[in-house]
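The file coords_12.cif contains mmCIF, C-alpha atoms:
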data_query
#
loop_
_atom_site.label_atom_id
_atom_site.label_comp_id
_atom_site.auth_asym_id
_atom_site.auth_seq_id
_atom_site.Cartn_x
_atom_site.Cartn_y
_atom_site.Cartn_z
CA MET I 1 33.44 -12.25 38.74
CA THR I 2 30.49 -9.86 38.88
CA GLN I 3 31.44 -6.33 39.84
CA SER I 4 29.07 -4.78 42.35
CA ALA I 5 27.62 -1.30 42.40
CA PRO I 6 27.61 0.83 45.56
CA SER I 7 25.34 -0.49 48.32
CA TYR I 8 23.13 2.59 48.43
CA LYS I 9 21.63 5.15 46.08
CA ILE I 10 21.65 8.91 45.91
CA HIS I 11 18.26 10.43 45.07
CA GLY I 12 18.26 9.88 41.28
CA ARG I 13 20.51 12.90 40.90
CA ILE I 14 23.33 14.37 42.94
CA ALA I 15 21.90 16.93 45.34
CA ARG I 16 23.79 19.67 47.15
CA GLU I 17 23.35 17.93 50.49
CA ASP I 18 24.91 14.76 49.07
CA VAL I 19 28.12 16.67 48.40
CA GLU I 20 28.10 18.77 51.56
CA SER I 21 27.36 15.78 53.81
CA GLY I 22 30.07 13.66 52.23
CA LEU I 23 27.61 11.05 50.90
CA LEU I 24 28.93 11.37 47.35
CA GLU I 25 32.50 11.06 48.60
CA GLU I 26 31.49 7.98 50.60
CA MET I 27 29.94 6.40 47.52
CA VAL I 28 33.01 6.90 45.34
CA ALA I 29 35.31 5.82 48.17
CA GLU I 30 33.43 2.54 48.39
CA MET I 31 33.89 1.96 44.66
CA GLU I 32 37.53 2.98 44.91
CA GLN I 33 38.08 0.33 47.60
CA GLN I 34 36.58 -2.24 45.23
CA GLY I 35 39.02 -1.18 42.51
CA HIS I 36 36.40 0.31 40.19
CA PHE I 37 37.15 4.00 40.63
CA ARG I 38 40.05 6.34 41.25
CA ARG I 39 39.35 9.59 43.04
CA LEU I 40 41.23 12.76 42.28
CA PRO I 41 42.66 13.65 45.71
CA GLN I 42 41.02 16.63 47.40
CA PRO I 43 44.21 18.76 47.32
CA GLU I 44 44.43 18.24 43.56
CA ARG I 45 40.77 19.17 43.11
CA ASP I 46 41.33 22.33 45.15
CA GLN I 47 44.47 23.24 43.21
CA SER I 48 42.63 22.71 39.92
CA ARG I 49 39.91 25.12 41.06
CA TRP I 50 42.38 27.73 42.26
CA ASP I 51 44.35 27.49 39.00
CA ILE I 52 41.20 28.26 37.02
CA LEU I 53 40.19 31.12 39.29
CA ALA I 54 43.68 32.60 38.91
CA LYS I 55 42.88 33.08 35.21
CA LEU I 56 39.86 35.26 36.01
CA PRO I 57 39.72 38.78 37.47
CA PRO I 58 39.84 38.55 41.28
CA ASP I 59 36.90 39.45 43.52
CA GLN I 60 34.36 39.40 40.69
CA ASP I 61 31.31 37.31 39.91
CA VAL I 62 32.08 34.08 38.04
CA TRP I 63 30.06 32.45 35.25
CA LEU I 64 29.67 28.66 34.95
CA PHE I 65 28.56 27.05 31.67
CA ALA I 66 26.06 24.19 31.85
CA TYR I 67 25.50 21.91 28.87
CA GLY I 68 24.25 18.66 30.44
CA SER I 69 22.99 17.73 33.89
CA LEU I 70 24.05 21.08 35.35
CA ILE I 71 21.20 22.61 33.31
CA TRP I 72 18.54 20.66 35.20
CA SER I 73 20.46 20.08 38.42
CA PRO I 74 22.80 23.07 38.96
CA MET I 75 22.93 22.48 42.72
CA ILE I 76 24.57 25.85 43.37
CA GLU I 77 23.46 29.28 44.51
CA PHE I 78 23.50 31.73 41.59
CA VAL I 79 22.23 35.24 41.04
CA GLU I 80 21.52 35.14 37.30
CA GLN I 81 21.23 32.70 34.45
CA ARG I 82 21.45 33.34 30.71
CA GLN I 83 21.04 31.23 27.63
CA ALA I 84 24.44 31.03 25.97
CA ARG I 85 26.24 29.56 22.98
CA LEU I 86 29.75 28.16 23.01
CA PHE I 87 31.63 28.06 19.71
CA GLY I 88 34.50 25.64 19.17
CA TYR I 89 33.01 22.80 21.25
CA HIS I 90 30.01 20.51 21.03
CA ARG I 91 28.43 18.19 23.59
CA GLN I 92 28.92 14.48 23.02
CA PHE I 93 28.36 11.24 24.92
CA SER I 94 32.06 10.53 25.21
CA MET I 95 32.47 9.62 28.89
CA TRP I 96 31.83 6.20 30.40
CA THR I 97 30.12 6.19 33.77
CA LYS I 98 30.67 3.07 35.86
CA ILE I 99 29.32 4.20 39.23
CA GLY I 100 26.85 7.01 38.48
CA ARG I 101 24.35 5.88 35.87
CA GLY I 102 26.01 2.59 35.15
CA THR I 103 28.06 -0.18 36.76
CA PRO I 104 31.52 -1.61 36.08
CA ASP I 105 29.83 -4.54 34.27
CA CYS I 106 27.40 -2.36 32.33
CA PRO I 107 28.69 1.23 32.09
CA GLY I 108 26.55 4.07 30.87
CA LEU I 109 27.59 7.22 29.04
CA THR I 110 27.44 10.87 30.02
CA LEU I 111 28.05 14.11 28.20
CA ALA I 112 31.29 16.02 27.86
CA LEU I 113 32.51 18.85 25.67
CA GLU I 114 34.50 17.86 22.61
CA ALA I 115 36.34 20.12 20.15
CA GLY I 116 34.52 21.37 17.07
CA GLY I 117 31.13 22.84 16.25
CA SER I 118 29.09 24.73 18.81
CA CYS I 119 26.89 24.08 21.81
CA LYS I 120 23.88 25.85 23.32
CA GLY I 121 23.45 25.84 27.06
CA VAL I 122 22.97 27.94 30.18
CA ALA I 123 25.41 30.25 31.94
CA PHE I 124 25.01 30.70 35.70
CA ARG I 125 26.46 33.77 37.43
CA ILE I 126 27.85 33.12 40.91
CA ALA I 127 28.22 36.13 43.18
CA ALA I 128 31.83 37.02 44.03
CA LYS I 129 31.25 36.45 47.76
CA ASP I 130 30.03 32.90 47.07
CA VAL I 131 32.54 31.83 44.41
CA GLU I 132 34.87 29.77 46.62
CA GLN I 133 32.04 27.98 48.42
CA GLU I 134 29.92 27.27 45.34
CA LEU I 135 32.75 26.24 43.05
CA LYS I 136 34.14 23.89 45.68
CA ILE I 137 30.79 22.10 45.66
CA ILE I 138 30.83 21.92 41.85
CA TRP I 139 34.44 20.68 41.82
CA ASN I 140 33.62 17.94 44.34
CA ARG I 141 30.81 16.84 42.03
CA GLU I 142 32.33 17.25 38.57
CA MET I 143 36.04 16.73 39.28
CA VAL I 144 35.86 13.87 41.77
CA SER I 145 37.51 11.53 39.24
CA GLY I 146 39.46 14.03 37.15
CA SER I 147 37.64 12.93 34.00
CA TYR I 148 37.10 16.56 32.99
CA THR I 149 39.55 19.34 32.29
CA PRO I 150 38.19 22.70 33.50
CA LYS I 151 38.75 25.55 31.06
CA ILE I 152 37.95 29.23 30.66
CA ILE I 153 35.78 29.59 27.57
CA LYS I 154 34.03 32.46 25.77
CA LEU I 155 30.26 32.46 25.43
CA ARG I 156 27.91 34.46 23.29
CA THR I 157 24.65 35.64 24.84
CA ASP I 158 21.92 38.09 23.85
CA ASP I 159 23.34 40.46 26.47
CA GLY I 160 26.90 40.27 25.19
CA PRO I 161 29.94 37.98 25.44
CA LEU I 162 30.98 36.27 28.67
CA GLN I 163 33.96 34.44 30.03
CA ALA I 164 32.92 31.30 31.88
CA ILE I 165 34.21 28.07 33.36
CA ALA I 166 33.35 24.88 31.49
CA PHE I 167 34.24 21.22 31.95
CA VAL I 168 35.83 19.63 28.85
CA MET I 169 36.53 15.92 28.39
CA ASN I 170 39.95 14.81 29.59
CA HIS I 171 41.11 12.52 26.77
CA ALA I 172 43.84 11.05 28.96
CA HIS I 173 41.29 9.70 31.43
CA GLU I 174 40.32 6.03 31.50
CA ASN I 175 36.64 6.97 31.17
CA PHE I 176 37.14 8.61 27.78
CA ALA I 177 34.98 6.68 25.33
CA GLY I 178 35.96 8.48 22.14
CA LYS I 179 33.51 9.10 19.31
CA LEU I 180 31.21 6.09 19.26
CA PRO I 181 28.64 5.24 16.56
CA LEU I 182 25.24 6.64 17.52
CA GLU I 183 23.74 3.14 17.59
CA GLU I 184 26.34 2.03 20.13
CA VAL I 185 25.69 5.10 22.25
CA ALA I 186 21.96 4.39 22.21
CA ARG I 187 22.47 0.76 23.29
CA ALA I 188 24.79 1.76 26.12
CA ILE I 189 22.37 4.39 27.40
CA ALA I 190 19.34 2.12 27.09
CA GLY I 191 20.97 -0.70 29.05
CA ALA I 192 22.72 1.10 31.90
CA GLU I 193 21.58 1.92 35.42
CA GLY I 194 23.54 2.83 38.54
CA PRO I 195 23.29 4.53 41.94
CA LEU I 196 22.03 7.76 40.33
CA GLY I 197 19.36 5.95 38.35
CA LYS I 198 18.88 5.00 34.72
CA CYS I 199 21.27 6.40 32.14
CA GLU I 200 18.34 7.02 29.78
CA ASP I 201 16.83 9.44 32.32
CA TYR I 202 20.00 11.55 32.15
CA LEU I 203 19.50 11.82 28.38
CA PHE I 204 15.75 12.40 28.56
CA ASN I 205 16.09 15.09 31.26
CA THR I 206 18.71 16.93 29.22
CA VAL I 207 16.62 16.84 26.03
CA GLU I 208 13.49 17.90 27.91
CA HIS I 209 15.11 20.89 29.57
CA LEU I 210 16.87 22.01 26.40
CA ASP I 211 13.51 21.87 24.61
CA GLU I 212 11.85 23.89 27.40
CA LEU I 213 14.53 26.55 27.02
CA GLU I 214 14.13 26.48 23.21
CA LEU I 215 17.73 25.31 22.90
CA VAL I 216 16.87 22.22 20.89
CA ASP I 217 19.74 19.81 20.24
CA HIS I 218 18.65 17.75 17.23
CA GLN I 219 21.35 15.11 17.69
CA LEU I 220 20.32 14.48 21.30
CA ALA I 221 16.65 14.43 20.28
CA LYS I 222 17.44 11.80 17.64
CA LEU I 223 19.38 9.78 20.21
CA ALA I 224 16.46 9.94 22.65
CA LYS I 225 14.13 8.53 19.97
CA MET I 226 16.58 5.70 19.31
CA VAL I 227 16.78 4.84 23.01
CA ARG I 228 12.98 4.83 23.36
CA ALA I 229 12.71 2.56 20.32
CA LEU I 230 15.16 0.11 21.92
CA LYS I 231 13.07 0.09 25.12
CA ALA I 232 9.74 -0.35 23.34
#
If you took the structure in this file and wrote it as structure tokens, what would it be?
Amino acid sequence: MTQSAPSYKIHGRIAREDVESGLLEEMVAEMEQQGHFRRLPQPERDQSRWDILAKLPPDQDVWLFAYGSLIWSPMIEFVEQRQARLFGYHRQFSMWTKIGRGTPDCPGLTLALEAGGSCKGVAFRIAAKDVEQELKIIWNREMVSGSYTPKIIKLRTDDGPLQAIAFVMNHAHENFAGKLPLEEVARAIAGAEGPLGKCEDYLFNTVEHLDELELVDHQLAKLAKMVRALKA
């Protein structure tokens, strides 16, 4: 039996108003009712956020590390951004997406952090007075399924080291894809589309913005060329 996607689309990317209005929650609830998605209950999302914040100094600004779509769609209010490098993790297309940029029948892939190597990205500083509000929005976007594990990580920047929050792949989650051959990743990305749009656009946007920031990721650039070749 064909598995259907949600009956409506968000605007090609998740916007702040989609989270605040409950539209994102409505979309995932619809898929949950169809048996294609399991939400992490709101109390568990909140507890996850509070547990992470408890590991940071209270009443201070908080840094958030972006390595994928958060670079080009941060969606939060921040007071500073810095280019940053994370050692000990690399970005990888290791998460299946069945309701965002794919469907249950034809899932796409999105980025997560995996152990080993290093990763260049952007660190956003959230003012202390806004931390609870802004991180709740991020948690309701990134942790809606529990497919990530939030962690406190150390970043290197030109202005010195930082502690920041980052979202690492949860290997116990059903959406964990593991380390796939690059050719398989390219085929999955080239063929998938969901309520948030084409999976290839997620890849192309990430490569484009990393290039603009002079944070070139050669593996992602190679993957983008492979996807374009498949679509030619």
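Each of I:Phe87, I:Trp50, I:Phe37, I:Phe167 was checked against Gly100 of chain I using all atoms listed in the file; the smallest atom-to-atom distance is that of I:Phe37.
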Could you check which of I:Ser48, I:Gly121, I:Ile152, I:Asp61 is closest to Asp217 of chain I, using only C-alpha atoms? I:Gly121
Mind working out the centre and edge lengths of an axis-aligned box for segment 164-167 of chain I, all listed atoms inside, 6 Å added to each side, rounded to one decimal in Å and written as AutoDock Vina command-line options?
--center_x 33.6 --center_y 26.3 --center_z 32.4 --size_x 13.3 --size_y 22.1 --size_z 13.9
Residues of segment 111-221 of chain I within 12 Å of segment 16-23 of chain I: nearest atom pair and distance (Å, one decimal) for each, counting all atoms listed in the file, sorted by chain and number, as a Markdown table?
| residue | atom | partner | partner_atom | distance |
| --- | --- | --- | --- | --- |
| I:Gln133 | CA | I:Glu20 | CA | 10.5 |
| I:Glu134 | CA | I:Arg16 | CA | 9.9 |
| I:Leu135 | CA | I:Arg16 | CA | 11.8 |
| I:Lys136 | CA | I:Val19 | CA | 9.8 |
| I:Ile137 | CA | I:Val19 | CA | 6.6 |
| I:Ile138 | CA | I:Val19 | CA | 8.8 |
| I:Trp139 | CA | I:Val19 | CA | 10.0 |
| I:Asn140 | CA | I:Val19 | CA | 7.0 |
| I:Arg141 | CA | I:Val19 | CA | 6.9 |
| I:Glu142 | CA | I:Val19 | CA | 10.7 |
| I:Val144 | CA | I:Val19 | CA | 10.6 |
| I:Pro195 | CA | I:Leu23 | CA | 11.9 |
| I:Leu196 | CA | I:Asp18 | CA | 11.6 |
Determine the residue membership of the PyMOL selection byres ((chain I and resi 66-82) around 10) for the file above and supply it as a ChimeraX atom specification. /I:13-17,19,61-65,83-86,90-92,110-113,119-127,130-131,133-135,137-138,141-142,156-159,164-167,202-203,205-210,213
Given the file above and the PyMOL selection byres ((chain I and resi 102) around 12), which residues are selected, and can you give them as a PDB file with C-alpha atoms, keeping the file's coordinate frame?
ATOM      1  CA  GLN I   3      31.440  -6.330  39.840  1.00  0.00           C
ATOM      2  CA  SER I   4      29.070  -4.780  42.350  1.00  0.00           C
ATOM      3  CA  ALA I   5      27.620  -1.300  42.400  1.00  0.00           C
ATOM      4  CA  PRO I   6      27.610   0.830  45.560  1.00  0.00           C
ATOM      5  CA  HIS I  36      36.400   0.310  40.190  1.00  0.00           C
ATOM      6  CA  MET I  95      32.470   9.620  28.890  1.00  0.00           C
ATOM      7  CA  TRP I  96      31.830   6.200  30.400  1.00  0.00           C
ATOM      8  CA  THR I  97      30.120   6.190  33.770  1.00  0.00           C
ATOM      9  CA  LYS I  98      30.670   3.070  35.860  1.00  0.00           C
ATOM     10  CA  ILE I  99      29.320   4.200  39.230  1.00  0.00           C
ATOM     11  CA  GLY I 100      26.850   7.010  38.480  1.00  0.00           C
ATOM     12  CA  ARG I 101      24.350   5.880  35.870  1.00  0.00           C
ATOM     13  CA  THR I 103      28.060  -0.180  36.760  1.00  0.00           C
ATOM     14  CA  PRO I 104      31.520  -1.610  36.080  1.00  0.00           C
ATOM     15  CA  ASP I 105      29.830  -4.540  34.270  1.00  0.00           C
ATOM     16  CA  CYS I 106      27.400  -2.360  32.330  1.00  0.00           C
ATOM     17  CA  PRO I 107      28.690   1.230  32.090  1.00  0.00           C
ATOM     18  CA  GLY I 108      26.550   4.070  30.870  1.00  0.00           C
ATOM     19  CA  LEU I 109      27.590   7.220  29.040  1.00  0.00           C
ATOM     20  CA  THR I 110      27.440  10.870  30.020  1.00  0.00           C
ATOM     21  CA  ALA I 188      24.790   1.760  26.120  1.00  0.00           C
ATOM     22  CA  ILE I 189      22.370   4.390  27.400  1.00  0.00           C
ATOM     23  CA  ALA I 190      19.340   2.120  27.090  1.00  0.00           C
ATOM     24  CA  GLY I 191      20.970  -0.700  29.050  1.00  0.00           C
ATOM     25  CA  ALA I 192      22.720   1.100  31.900  1.00  0.00           C
ATOM     26  CA  GLU I 193      21.580   1.920  35.420  1.00  0.00           C
ATOM     27  CA  GLY I 194      23.540   2.830  38.540  1.00  0.00           C
ATOM     28  CA  PRO I 195      23.290   4.530  41.940  1.00  0.00           C
ATOM     29  CA  LEU I 196      22.030   7.760  40.330  1.00  0.00           C
ATOM     30  CA  GLY I 197      19.360   5.950  38.350  1.00  0.00           C
ATOM     31  CA  LYS I 198      18.880   5.000  34.720  1.00  0.00           C
ATOM     32  CA  CYS I 199      21.270   6.400  32.140  1.00  0.00           C
ATOM     33  CA  GLU I 200      18.340   7.020  29.780  1.00  0.00           C
ATOM     34  CA  ASP I 201      16.830   9.440  32.320  1.00  0.00           C
ATOM     35  CA  TYR I 202      20.000  11.550  32.150  1.00  0.00           C
TER      36      TYR I 202
END
Since fewer atoms than expected are present, regenerate N, CA and C atoms for segment 87-110 of chain I and write them as an mmCIF file, keeping the file's coordinate frame.
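Result saved to selection_23.cif:
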data_model
loop_
_atom_site.group_PDB
_atom_site.id
_atom_site.type_symbol
_atom_site.label_atom_id
_atom_site.label_comp_id
_atom_site.auth_asym_id
_atom_site.auth_seq_id
_atom_site.Cartn_x
_atom_site.Cartn_y
_atom_site.Cartn_z
ATOM 1 N N PHE I 87 31.089 28.445 21.006
ATOM 2 C CA PHE I 87 31.630 28.060 19.710
ATOM 3 C C PHE I 87 32.983 27.381 19.912
ATOM 4 N N GLY I 88 33.240 26.368 19.089
ATOM 5 C CA GLY I 88 34.500 25.640 19.170
ATOM 6 C C GLY I 88 34.404 24.321 19.912
ATOM 7 N N TYR I 89 33.255 24.067 20.556
ATOM 8 C CA TYR I 89 33.010 22.800 21.250
ATOM 9 C C TYR I 89 31.568 22.364 21.026
ATOM 10 N N HIS I 90 31.362 21.060 21.088
ATOM 11 C CA HIS I 90 30.010 20.510 21.030
ATOM 12 C C HIS I 90 29.866 19.479 22.149
ATOM 13 N N ARG I 91 28.632 19.217 22.571
ATOM 14 C CA ARG I 91 28.430 18.190 23.590
ATOM 15 C C ARG I 91 28.329 16.819 22.906
ATOM 16 N N GLN I 92 28.854 15.819 23.590
ATOM 17 C CA GLN I 92 28.920 14.480 23.020
ATOM 18 C C GLN I 92 28.930 13.459 24.158
ATOM 19 N N PHE I 93 28.294 12.330 23.948
ATOM 20 C CA PHE I 93 28.360 11.240 24.920
ATOM 21 C C PHE I 93 29.692 10.525 24.757
ATOM 22 N N SER I 94 30.709 11.067 25.388
ATOM 23 C CA SER I 94 32.060 10.530 25.210
ATOM 24 C C SER I 94 32.709 10.107 26.523
ATOM 25 N N MET I 95 31.919 10.005 27.585
ATOM 26 C CA MET I 95 32.470 9.620 28.890
ATOM 27 C C MET I 95 31.711 8.428 29.459
ATOM 28 N N TRP I 96 32.440 7.346 29.723
ATOM 29 C CA TRP I 96 31.830 6.200 30.400
ATOM 30 C C TRP I 96 31.545 6.538 31.853
ATOM 31 N N THR I 97 30.432 6.052 32.358
ATOM 32 C CA THR I 97 30.120 6.190 33.770
ATOM 33 C C THR I 97 29.866 4.810 34.348
ATOM 34 N N LYS I 98 30.717 4.426 35.293
ATOM 35 C CA LYS I 98 30.670 3.070 35.860
ATOM 36 C C LYS I 98 30.077 3.037 37.260
ATOM 37 N N ILE I 99 29.878 4.203 37.863
ATOM 38 C CA ILE I 99 29.320 4.200 39.230
ATOM 39 C C ILE I 99 28.182 5.196 39.385
ATOM 40 N N GLY I 100 27.918 6.027 38.382
ATOM 41 C CA GLY I 100 26.850 7.010 38.480
ATOM 42 C C GLY I 100 25.558 6.473 37.895
ATOM 43 N N ARG I 101 25.521 6.428 36.570
ATOM 44 C CA ARG I 101 24.350 5.880 35.870
ATOM 45 C C ARG I 101 24.741 4.632 35.093
ATOM 46 N N GLY I 102 25.593 3.854 35.712
ATOM 47 C CA GLY I 102 26.010 2.590 35.150
ATOM 48 C C GLY I 102 26.754 1.808 36.221
ATOM 49 N N THR I 103 27.274 0.652 35.850
ATOM 50 C CA THR I 103 28.060 -0.180 36.760
ATOM 51 C C THR I 103 29.335 -0.596 36.035
ATOM 52 N N PRO I 104 30.311 -1.130 36.759
ATOM 53 C CA PRO I 104 31.520 -1.610 36.080
ATOM 54 C C PRO I 104 31.214 -2.669 35.012
ATOM 55 N N ASP I 105 30.199 -3.520 35.244
ATOM 56 C CA ASP I 105 29.830 -4.540 34.270
ATOM 57 C C ASP I 105 29.044 -3.981 33.093
ATOM 58 N N CYS I 106 28.275 -2.925 33.358
ATOM 59 C CA CYS I 106 27.400 -2.360 32.330
ATOM 60 C C CYS I 106 27.453 -0.832 32.424
ATOM 61 N N PRO I 107 28.545 -0.234 31.953
ATOM 62 C CA PRO I 107 28.690 1.230 32.090
ATOM 63 C C PRO I 107 27.716 1.993 31.198
ATOM 64 N N GLY I 108 27.336 3.151 31.688
ATOM 65 C CA GLY I 108 26.550 4.070 30.870
ATOM 66 C C GLY I 108 27.464 5.122 30.256
ATOM 67 N N LEU I 109 26.849 6.122 29.657
ATOM 68 C CA LEU I 109 27.590 7.220 29.040
ATOM 69 C C LEU I 109 27.017 8.539 29.501
ATOM 70 N N THR I 110 27.890 9.519 29.694
ATOM 71 C CA THR I 110 27.440 10.870 30.020
ATOM 72 C C THR I 110 28.108 11.866 29.091
#
